[in-house]
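Notes follow once the structure below has been shown.
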Number of protein chains: 2
Amino acid sequence: MTTPEAREEAVLEAVRKRRRRVNDAIPEELPVQKPERLYEASRYLLDAGGKRLRPTVLLTTAEALADVEPLSTDYREFPTLYDDADANDTDTIDVMDAAVSVEVIQSFTLIHDDIMDDDDLRRGVPAVHREYDLETAILAGDTLYSKAFEIMLGTGAEPSRSVEALEVLATTCTKICEGQSLDVTFEQRTDVTPEEYLEMVEQKTAVLYAASACLPAILLGADDETVDALYGYGLDIGRAFQIQDDVLDLTVPSEQLGKQRGSDLVENKQTLITVHARDQGVDVDSLVDTDDVDSVTEAEIDDAVAELEEAGSISYANEKARDLVDQGKRRLEVLPDNEARHLLEELADYLIERGY
Amino acid sequence: MTTPEAREEAVLEAVRKRRRRVNDAIPEELPVQKPERLYEASRYLLDAGGKRLRPTVLLTTAEALADVEPLSTDYREFPTLYDDADANDTDTIDVMDAAVSVEVIQSFTLIHDDIMDDDDLRRGVPAVHREYDLETAILAGDTLYSKAFEIMLGTGAEPSRSVEALEVLATTCTKICEGQSLDVTFEQRTDVTPEEYLEMVEQKTAVLYAASACLPAILLGADDETVDALYGYGLDIGRAFQIQDDVLDLTVPSEQLGKQRGSDLVENKQTLITVHARDQGVDVDSLVDTDDVDSVTEAEIDDAVAELEEAGSISYANEKARDLVDQGKRRLEVLPDNEARHLLEELADYLIERGY
């Protein structure tokens with residue numbers, strides 16, 4: 001029987017090992033070239049850090065599908081799952097390209113979201129529109145957008161599988177935009193239901209986890225049932241991840257978050273917690289007086305969090321996230337029973353047990 | 001012998017007829033759906049007008065390649081150029097999807113460019129970030145971006161041709177971003193050479209014409225020589241188009257332009273005209289005193305234009321555009337000698353002879 005701490009450490013070690021490989025691949029796929037300022041701005045957030053959770057999900061899913069020992073196989077030359085009489089025996093898939101593509105999409109959405117939310121900090125460094133300027137930040141995001149498609153086109157997959165992968169990528173991006181649009185609209189509303197909130201989170205956040213989990217299945221040639229189950233796993237853990245993110249925004253010290261704790265409350269952002277609290281009769285809009293992140297005090301945030309705990313809203317969010325993770329883990333039964341699949345289960349747990 | 005006026009009218013009529021079909025297809029490919037505000041903003045500029053020159057180039061090139069009578073063939077069910085033993089006889093390509101995709105990319109770039117340039121008007125209506133707001137405009141552009149890829153995936157082309165078409169679309173978008181980035185950088189510089197300017201224009205504007213001309217060749221299955229020649233045609237006429245746009249910004253009344261005449265000069269935008277004039281010793285930065293488009297007078301613009309004419313800069317730009325159009329027309333010799341090909345030649349002439 002392993003302790004929870006040992007389990008978390010094992011997951012983190014697995015994430016770190018893949019992150020290192022992803023970090024090596026990013027400059028290969030996205031070199032700083034002319035015009036340098038544009039590419040430097042495009043790389044700025046990617047180079048500033050990030051846990052690479054989505055690429056980790058993607059690479060680990062590839063390992064589970066191919067039934068290989070974790071980290072034993074070159075991600076650039078990954079074996080396919082199908083026997084094709086026409087195909088050369090040496091045909092392999094560059095699943096690292098798919099992993100980088102997904103991370104590049106994530107980075108593009110962060111750059112544009114920070115402009116829209118007028119956030120100053122991200123990953124402990126200035127947001128791109130602060131470090132550079134608005135024009136450069138818009139353009140850096142736009143560049144990452146098309147680069148993600150270019151990179152996804154480089155996996156070497158058979159054209160019909162490439163087309164399917166690009167369809168997933170394009171529809172995922174559309175849904176992310178729709179989700180972000182709902183998120184902005186919700187800030188003006190006081191009657192958002194938990195169901196509406198979860199739908200928004202599915203579009204804004206979870207679809208990119210869903211894409212990360214199903215893309216290796218598409219590229220390596222798994223059957224439709226497997227593709228669908230993995231998509232569902234990603235949707236479940238992605239929603240759980242966002243709910244946990246909303247919890248952490250209230251409970252983790254600012255320096256650890258890399259931005260002001262409680263900023264969602266200050267900015268009137270809806271979260272599952274505030275939606276639940278409002279349902280319980282809490283006057284959510286009065287929890288924090290200011291709407292300026294720079295002038296809110298820690299004491300104000302402490303009082304707000306105490307009131308949300310009192311209403312049971314934080315426990316409610318924690319339970320919802322736990323249910324989603326359990327549901328997601330059950331979907332992994334389509335995979336061979338191997339070490340990589342267990343890691344995907346532990347990754348799911350980690351997403352809601354992590355402290356930051 | 002037809003008169004120039006009759007020729008121009010014939011081209012305009014051909015453009016109008018295709019525009020009508022493109023305008024019908026846009027709401028089919030991009031319906032206003034939930035979240036409505038996002039899709040309304042995405043459609044705003046598309047619905048506000050536009051000559052649909054890029055889709056016209058694309059559709060007419062398809063007609064020239066397939067050697068069909070112009071407007072005789074359903075763009076949604078266009079015949080391929082290849083005999084494929086495996087393919088069903090009824091296999092056809094939806095070249096209208098490709099045409100709409102290109103126009104959607106064009107619209108995305110206009111929305112984001114207007115934010116970057118802080119332009120208030122476009123096509124005679126408020127820019128999207130003025131009619132809506134900054135957040136919605138960024139997101140509307142981002143939505144069009146992924147929608148363009150989704151739409152391009154719907155042509156029904158054989159997967160390897162779809163992959164090639166998507167590669168063209170993705171690299172085209174990357175180049176447009178690079179070109180826009182150069183354009184912004186050039187505003188700070190006084191030593192831009194005509195060669196640098198033309199390279200910027202190639203990336204910012206001409207690549208989308210190049211994509212429009214070569215995409216039907218890729219989708220319908222033309223050989224590489226034809227694809228390359230059509231790409232070259234698009235690059236040539238696209239550069240000529242931008243040069244003419246820069247000339248028109250100085251010479252066409254504001255109400256006809258849909259924005260303030262001379263706005264490029266006021267905003268210190270480099271054009272082939274100002275680059276040439278500076279080379280001739282003209283103090284370009286002092287041509288217009290104000291850098292506020294709302295306060296410039298028609299008299300100031302008139303004086304500036306007179307000085308640029310004096311330096312030979314407007315004639316220089318006109319000649320350069322003419323050379324590019326002639327070069328582009330010669331590249332069309334790879335096509336069958338038919339009515340659609342002649343229309344592509346006349347379209348090239350129209351791009352530099354048009355009055356607005």
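Residues in the structure tokens are named by chain (A, B, ... in the order shown) and by number from 1 within that chain; ligands are numbered from 1 in the order shown.
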Note to self: So that I can check the secondary structure, give me every residue of region 137-221 of chain B assigned helix (DSSP H, G or I) by backbone DSSP, as an NGL selection string.
What the structure shows: :B and (137-152 or 159-186 or 194-220)
Chain B near chain A within 7 Å: what's each residue's closest atom pair and its distance in Å to one decimal, counting only C-alpha atoms, ordered by chain then ascending residue number, as JSON lines?
```
{"residue": "B:Pro35", "atom": "CA", "partner": "A:Glu178", "partner_atom": "CA", "distance": 6.5}
{"residue": "B:Leu38", "atom": "CA", "partner": "A:Ser181", "partner_atom": "CA", "distance": 6.6}
{"residue": "B:Met116", "atom": "CA", "partner": "A:Glu135", "partner_atom": "CA", "distance": 4.9}
{"residue": "B:Glu135", "atom": "CA", "partner": "A:Met116", "partner_atom": "CA", "distance": 4.9}
{"residue": "B:Leu139", "atom": "CA", "partner": "A:Cys177", "partner_atom": "CA", "distance": 6.2}
{"residue": "B:Asp142", "atom": "CA", "partner": "A:Cys177", "partner_atom": "CA", "distance": 6.9}
{"residue": "B:Thr143", "atom": "CA", "partner": "A:Thr174", "partner_atom": "CA", "distance": 5.5}
{"residue": "B:Ser146", "atom": "CA", "partner": "A:Ala170", "partner_atom": "CA", "distance": 5.1}
{"residue": "B:Lys147", "atom": "CA", "partner": "A:Thr174", "partner_atom": "CA", "distance": 6.7}
{"residue": "B:Phe149", "atom": "CA", "partner": "A:Ala170", "partner_atom": "CA", "distance": 6.2}
{"residue": "B:Glu150", "atom": "CA", "partner": "A:Ala170", "partner_atom": "CA", "distance": 5.9}
{"residue": "B:Pro159", "atom": "CA", "partner": "A:Ser160", "partner_atom": "CA", "distance": 5.1}
{"residue": "B:Ser160", "atom": "CA", "partner": "A:Pro159", "partner_atom": "CA", "distance": 5.1}
{"residue": "B:Val163", "atom": "CA", "partner": "A:Val163", "partner_atom": "CA", "distance": 6.4}
{"residue": "B:Glu167", "atom": "CA", "partner": "A:Glu150", "partner_atom": "CA", "distance": 6.5}
{"residue": "B:Ala170", "atom": "CA", "partner": "A:Ser146", "partner_atom": "CA", "distance": 5.1}
{"residue": "B:Thr171", "atom": "CA", "partner": "A:Glu150", "partner_atom": "CA", "distance": 6.8}
{"residue": "B:Cys173", "atom": "CA", "partner": "A:Ser146", "partner_atom": "CA", "distance": 6.0}
{"residue": "B:Thr174", "atom": "CA", "partner": "A:Thr143", "partner_atom": "CA", "distance": 5.5}
{"residue": "B:Cys177", "atom": "CA", "partner": "A:Thr143", "partner_atom": "CA", "distance": 5.9}
{"residue": "B:Glu178", "atom": "CA", "partner": "A:Pro35", "partner_atom": "CA", "distance": 6.5}
{"residue": "B:Ser181", "atom": "CA", "partner": "A:Leu38", "partner_atom": "CA", "distance": 6.6}
{"residue": "B:Leu182", "atom": "CA", "partner": "A:Pro35", "partner_atom": "CA", "distance": 6.8}
```
Saved selection, atoms kept: N, CA, C and O atoms, as a short mmCIF file (atom, residue, chain, number, x, y, z; two decimals), in the first residue's frame:
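The result, written out as part39.cif:
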```
data_model
loop_
_atom_site.label_atom_id
_atom_site.label_comp_id
_atom_site.auth_asym_id
_atom_site.auth_seq_id
_atom_site.Cartn_x
_atom_site.Cartn_y
_atom_site.Cartn_z
N PRO B 35 -22.93 30.64 -28.86
CA PRO B 35 -23.45 31.91 -28.30
C PRO B 35 -23.63 32.98 -29.39
O PRO B 35 -22.66 33.33 -30.06
N LEU B 38 -21.33 36.07 -30.12
CA LEU B 38 -20.03 35.72 -30.71
C LEU B 38 -20.16 35.52 -32.22
O LEU B 38 -19.35 36.04 -33.00
N MET B 116 -5.40 46.21 -33.97
CA MET B 116 -3.97 46.57 -33.87
C MET B 116 -3.71 47.99 -34.37
O MET B 116 -2.91 48.70 -33.81
N GLU B 135 -12.88 42.52 -26.36
CA GLU B 135 -12.93 41.09 -26.04
C GLU B 135 -13.65 40.33 -27.16
O GLU B 135 -13.18 39.31 -27.65
N LEU B 139 -12.16 37.54 -29.90
CA LEU B 139 -12.76 36.21 -29.91
C LEU B 139 -13.47 35.91 -31.23
O LEU B 139 -13.46 34.76 -31.70
N ASP B 142 -10.75 34.91 -33.54
CA ASP B 142 -10.28 33.56 -33.19
C ASP B 142 -11.26 32.49 -33.66
O ASP B 142 -10.85 31.40 -34.08
N THR B 143 -12.55 32.80 -33.57
CA THR B 143 -13.57 31.84 -33.99
C THR B 143 -13.53 31.64 -35.51
O THR B 143 -13.58 30.51 -36.00
N SER B 146 -10.57 29.22 -36.60
CA SER B 146 -10.76 27.76 -36.56
C SER B 146 -11.88 27.33 -37.51
O SER B 146 -11.83 26.25 -38.10
N LYS B 147 -12.89 28.20 -37.66
CA LYS B 147 -13.98 27.88 -38.59
C LYS B 147 -13.44 27.73 -40.01
O LYS B 147 -13.91 26.88 -40.78
N PHE B 149 -10.64 26.56 -40.92
CA PHE B 149 -10.07 25.22 -41.04
C PHE B 149 -11.18 24.17 -41.12
O PHE B 149 -11.11 23.24 -41.91
N GLU B 150 -12.20 24.34 -40.28
CA GLU B 150 -13.32 23.39 -40.33
C GLU B 150 -13.96 23.37 -41.72
O GLU B 150 -14.28 22.32 -42.26
N PRO B 159 -8.24 12.50 -48.85
CA PRO B 159 -7.50 12.97 -47.68
C PRO B 159 -6.11 13.55 -47.96
O PRO B 159 -5.74 14.57 -47.37
N SER B 160 -5.34 12.94 -48.87
CA SER B 160 -3.99 13.48 -49.09
C SER B 160 -4.06 14.89 -49.69
O SER B 160 -3.21 15.74 -49.43
N VAL B 163 -5.09 17.26 -46.83
CA VAL B 163 -3.92 17.57 -45.99
C VAL B 163 -3.08 18.66 -46.65
O VAL B 163 -2.64 19.61 -45.99
N GLU B 167 -2.28 22.38 -45.24
CA GLU B 167 -0.92 22.89 -45.09
C GLU B 167 -0.79 24.27 -45.70
O GLU B 167 -0.19 25.18 -45.11
N ALA B 170 -2.62 26.74 -43.37
CA ALA B 170 -1.92 27.02 -42.11
C ALA B 170 -0.67 27.87 -42.36
O ALA B 170 -0.44 28.87 -41.66
N THR B 171 0.13 27.51 -43.36
CA THR B 171 1.35 28.30 -43.61
C THR B 171 0.99 29.70 -44.11
O THR B 171 1.69 30.67 -43.81
N CYS B 173 -1.62 31.45 -43.12
CA CYS B 173 -1.97 32.23 -41.92
C CYS B 173 -0.73 32.65 -41.16
O CYS B 173 -0.63 33.79 -40.69
N THR B 174 0.24 31.74 -41.04
CA THR B 174 1.48 32.09 -40.35
C THR B 174 2.17 33.26 -41.06
O THR B 174 2.62 34.22 -40.43
N CYS B 177 0.54 36.60 -40.41
CA CYS B 177 0.94 37.14 -39.10
C CYS B 177 2.34 37.73 -39.16
O CYS B 177 2.59 38.81 -38.61
N GLU B 178 3.25 37.04 -39.83
CA GLU B 178 4.62 37.55 -39.95
C GLU B 178 4.62 38.88 -40.71
O GLU B 178 5.32 39.82 -40.33
N SER B 181 3.29 41.63 -38.59
CA SER B 181 4.30 41.99 -37.60
C SER B 181 5.36 42.91 -38.22
O SER B 181 5.75 43.92 -37.63
N LEU B 182 5.80 42.58 -39.43
CA LEU B 182 6.76 43.44 -40.14
C LEU B 182 6.15 44.82 -40.38
O LEU B 182 6.82 45.85 -40.19
#
```
Next item on the list: Enumerate as a PyMOL selection string all residues of region 49-250 of chain A assigned to strand (DSSP E or B) by DSSP on the backbone, naming them with the chain letters and numbers the document uses.
Entry: chain A and resi 78-79+92-93+121-122+125-126
Non-local contacts of Asp224 (chain A) (12 Å; only C-alpha atoms; under 3 positions in same chain excluded) as a PDB file with N, CA, C and O atoms, in the first residue's frame:
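out_29.pdb was written with the following content:
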```pdb
ATOM      1  N   ARG A 161      -6.052   9.812 -41.280  1.00  0.00           N
ATOM      2  CA  ARG A 161      -5.953  10.024 -39.827  1.00  0.00           C
ATOM      3  C   ARG A 161      -5.530  11.457 -39.514  1.00  0.00           C
ATOM      4  O   ARG A 161      -5.965  12.059 -38.538  1.00  0.00           O
ATOM      5  N   GLU A 164      -8.582  13.574 -39.717  1.00  0.00           N
ATOM      6  CA  GLU A 164      -9.421  13.423 -38.528  1.00  0.00           C
ATOM      7  C   GLU A 164      -8.812  14.186 -37.339  1.00  0.00           C
ATOM      8  O   GLU A 164      -9.533  14.846 -36.576  1.00  0.00           O
ATOM      9  N   CYS A 214      -7.744  11.889 -26.977  1.00  0.00           N
ATOM     10  CA  CYS A 214      -8.197  11.092 -28.127  1.00  0.00           C
ATOM     11  C   CYS A 214      -7.273  11.220 -29.332  1.00  0.00           C
ATOM     12  O   CYS A 214      -7.285  10.344 -30.210  1.00  0.00           O
ATOM     13  N   LEU A 215      -6.458  12.279 -29.412  1.00  0.00           N
ATOM     14  CA  LEU A 215      -5.612  12.455 -30.598  1.00  0.00           C
ATOM     15  C   LEU A 215      -4.640  11.296 -30.830  1.00  0.00           C
ATOM     16  O   LEU A 215      -4.510  10.828 -31.969  1.00  0.00           O
ATOM     17  N   ALA A 217      -5.062   8.251 -30.082  1.00  0.00           N
ATOM     18  CA  ALA A 217      -5.874   7.116 -30.553  1.00  0.00           C
ATOM     19  C   ALA A 217      -6.171   7.271 -32.044  1.00  0.00           C
ATOM     20  O   ALA A 217      -6.096   6.311 -32.813  1.00  0.00           O
ATOM     21  N   ILE A 218      -6.493   8.497 -32.471  1.00  0.00           N
ATOM     22  CA  ILE A 218      -6.759   8.753 -33.892  1.00  0.00           C
ATOM     23  C   ILE A 218      -5.498   8.539 -34.721  1.00  0.00           C
ATOM     24  O   ILE A 218      -5.501   7.833 -35.725  1.00  0.00           O
ATOM     25  N   LEU A 219      -4.401   9.136 -34.262  1.00  0.00           N
ATOM     26  CA  LEU A 219      -3.168   9.104 -35.050  1.00  0.00           C
ATOM     27  C   LEU A 219      -2.573   7.704 -35.132  1.00  0.00           C
ATOM     28  O   LEU A 219      -2.010   7.308 -36.151  1.00  0.00           O
ATOM     29  N   LEU A 220      -2.683   6.946 -34.036  1.00  0.00           N
ATOM     30  CA  LEU A 220      -2.086   5.607 -34.017  1.00  0.00           C
ATOM     31  C   LEU A 220      -3.015   4.560 -34.614  1.00  0.00           C
ATOM     32  O   LEU A 220      -2.599   3.430 -34.845  1.00  0.00           O
ATOM     33  N   GLY A 221      -4.298   4.943 -34.847  1.00  0.00           N
ATOM     34  CA  GLY A 221      -5.205   4.021 -35.523  1.00  0.00           C
ATOM     35  C   GLY A 221      -6.032   3.136 -34.606  1.00  0.00           C
ATOM     36  O   GLY A 221      -6.315   1.983 -34.944  1.00  0.00           O
ATOM     37  N   VAL A 227     -11.474   5.781 -29.296  1.00  0.00           N
ATOM     38  CA  VAL A 227     -11.369   7.234 -29.486  1.00  0.00           C
ATOM     39  C   VAL A 227     -12.433   7.946 -28.644  1.00  0.00           C
ATOM     40  O   VAL A 227     -12.129   8.913 -27.920  1.00  0.00           O
ATOM     41  N   ASP A 228     -13.668   7.458 -28.720  1.00  0.00           N
ATOM     42  CA  ASP A 228     -14.767   8.104 -27.990  1.00  0.00           C
ATOM     43  C   ASP A 228     -14.567   8.020 -26.476  1.00  0.00           C
ATOM     44  O   ASP A 228     -14.829   8.987 -25.750  1.00  0.00           O
ATOM     45  N   ALA A 229     -14.151   6.849 -25.987  1.00  0.00           N
ATOM     46  CA  ALA A 229     -13.958   6.679 -24.541  1.00  0.00           C
ATOM     47  C   ALA A 229     -12.860   7.622 -24.039  1.00  0.00           C
ATOM     48  O   ALA A 229     -13.000   8.260 -22.989  1.00  0.00           O
ATOM     49  N   LEU A 230     -11.785   7.746 -24.819  1.00  0.00           N
ATOM     50  CA  LEU A 230     -10.686   8.616 -24.396  1.00  0.00           C
ATOM     51  C   LEU A 230     -11.116  10.084 -24.440  1.00  0.00           C
ATOM     52  O   LEU A 230     -10.722  10.877 -23.580  1.00  0.00           O
ATOM     53  N   TYR A 231     -11.930  10.429 -25.439  1.00  0.00           N
ATOM     54  CA  TYR A 231     -12.459  11.797 -25.495  1.00  0.00           C
ATOM     55  C   TYR A 231     -13.267  12.076 -24.220  1.00  0.00           C
ATOM     56  O   TYR A 231     -13.113  13.126 -23.587  1.00  0.00           O
ATOM     57  N   VAL A 334     -11.306   0.803 -21.627  1.00  0.00           N
ATOM     58  CA  VAL A 334     -11.081   0.402 -23.028  1.00  0.00           C
ATOM     59  C   VAL A 334      -9.604   0.142 -23.323  1.00  0.00           C
ATOM     60  O   VAL A 334      -9.271  -0.446 -24.349  1.00  0.00           O
TER      61      VAL A 334
END
```
Next item on the list: Name all residues at most 12 Å from Thr60 (chain A) (count only C-alpha atoms; drop same-chain ones fewer than 4 positions away) and give them as a ChimeraX atom specification.
Entry: /A:11,14-15,17-19,53-56,64-73,75,78,95-96,99,212-217,230,335,338-347
Note to self: I'd like the contact shell of Gly355 (chain B) - 9 Å cut-off, only C-alpha atoms, skipping same-chain residues fewer than 5 positions apart - returned as a ChimeraX atom specification.
What the structure shows: /B:248,251-252
Would you save the residues from that selection as a PDB file, in the first residue's frame, using N, CA and C atoms?
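Contents of out-v5.pdb, freshly written:
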```pdb
ATOM      1  N   LEU B 248      -4.784  53.983 -53.865  1.00  0.00           N
ATOM      2  CA  LEU B 248      -6.173  54.415 -53.695  1.00  0.00           C
ATOM      3  C   LEU B 248      -6.378  55.130 -52.360  1.00  0.00           C
ATOM      4  N   THR B 251      -5.832  58.602 -53.192  1.00  0.00           N
ATOM      5  CA  THR B 251      -6.464  59.258 -54.334  1.00  0.00           C
ATOM      6  C   THR B 251      -7.990  59.151 -54.389  1.00  0.00           C
ATOM      7  N   VAL B 252      -8.588  58.336 -53.564  1.00  0.00           N
ATOM      8  CA  VAL B 252     -10.040  58.139 -53.635  1.00  0.00           C
ATOM      9  C   VAL B 252     -10.714  58.876 -52.475  1.00  0.00           C
TER      10      VAL B 252
END
```
Notebook entry, point to check: For the atom pair CA of Glu267 (chain B) and CA of Leu121 (chain B), what is the interatomic distance in Å to one decimal place?
Noted result: 14.2 Å
